[in-house]
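Asks: Next up is a structure, given as structure tokens.
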Amino acid sequence: AEVTLISGPVEIPPPAGVSLVAVESAADMLAAVEAALPVDVAVMAAAVADWRVATASEKKLKKQADGAPPMLELVENPDILASIGRHHTLRPRLVVGFAAETNDLLENARAKLARKGADLIVANDVSPETGVMGGTDNTVRIVSKDGVDAWPKLSKDEVATRLVALIADRLAATRPEPEGQASE
């Protein structure tokens with residue numbers, strides 16, 4: 001497969017064999033994702049902030065004499081998963097999103113699936129007691145329009161391996177017929 005990794009600033013090197021596009025902001029990420037289209041699969045694992053400051057300051061914001069914090073106006077960041085999942089002309093054949101939740105895991109994942117136009121949502125409970133954040137294991141649920149597949153507790157590497165296999169199976173099941181061949 002040809003893989004393009006679009007990533008914000010991270011401390012880890014990209015995997016071997018991928019094309020890396022480094023971005024700084026949610027707007028940069030959306031532009032890079034759209035520039036990478038068309039693709040067969042979009043795996044949207046980034047946890048992009050929902051909000052950003054409307055106007056970034058060029059200088060350090062100093063403490064005010066009265067001790068009050070500065071007023072910051074927030075604006076919504078682009079919703080990259082929804083933009084790709086609902087793309088009118090270049091939507092990938094398979095769009096995979098993630099839902100890191102601390103409550104109502106399946107309810108929130110099902111709502112995200114519908115709202116974002118995704119085909120699959122990889123849902124996981126990231127409550128502090130699960131140990132998922134910073135840990136090596138995870139328990140995920142794969143949510144689709146067909147239902148929920150509960151995976152057992154696995155290493156994060158095994159979750160990734162199984163997810164790639166699931167994506168390959170889904171792609172094979174949705175492969176368009178070559179021109180001139182009818183399906184039997």
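Letters A, B, ... go to the chains of the structure tokens in the order shown; residues in each chain start at 1; ligands are counted from 1 in the same order.
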So that I can see what lies close to Leu106 in chain A, please list as a PyMOL selection string the residues with an atom at most 9 Å from it, counting only C-alpha atoms and leaving out residues fewer than 5 positions away in the same chain.
Replies: chain A and resi 111+123-124+141+143+148
Asks: Would you list the contacts of Leu30 in chain A as a ChimeraX atom specification, taking every protein, DNA or RNA residue within 12 Å and counting only C-alpha atoms, but skipping same-chain residues closer than 3 positions in sequence?
Replies: /A:6-8,21-27,33-37,44,46,48,77-84
Asks: Would you put the residues from that selection into a file with C-alpha atoms, as a compact mmCIF listing (two decimals), in the first residue's frame?
Replies:
```txt
# COMPACT_ATOMS: atom_id res chain seq x y z
CA ILE A 6 -0.32 13.43 7.99
CA SER A 7 0.88 14.28 11.48
CA GLY A 8 1.12 17.17 13.86
CA VAL A 21 3.36 15.37 5.69
CA ALA A 22 4.05 17.44 8.82
CA VAL A 23 1.43 19.98 9.88
CA GLU A 24 1.05 22.46 12.72
CA SER A 25 -2.64 23.33 12.91
CA ALA A 26 -6.05 21.79 12.32
CA ALA A 27 -6.46 23.97 9.20
CA VAL A 33 -5.77 15.54 3.99
CA GLU A 34 -7.77 17.08 1.15
CA ALA A 35 -4.60 17.40 -0.96
CA ALA A 36 -3.93 13.67 -0.46
CA LEU A 37 -7.30 12.70 -1.97
CA MET A 44 -8.48 9.42 10.99
CA ALA A 46 -5.80 12.44 15.19
CA VAL A 48 -7.50 17.57 16.86
CA ASN A 77 -11.59 24.15 14.28
CA PRO A 78 -12.51 22.33 11.08
CA ASP A 79 -14.00 18.87 11.59
CA ILE A 80 -11.61 16.84 9.48
CA LEU A 81 -13.32 13.47 9.92
CA ALA A 82 -16.72 14.89 8.94
CA SER A 83 -15.20 16.80 6.01
CA ILE A 84 -13.75 13.60 4.57
```
Asks: Could you check how far CA of Arg115 in chain A sits from CA of Glu2 in chain A, in Å to one decimal?
Replies: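 Result for CA of Arg115 in chain A versus CA of Glu2 in chain A: 28.5 Å, one decimal.
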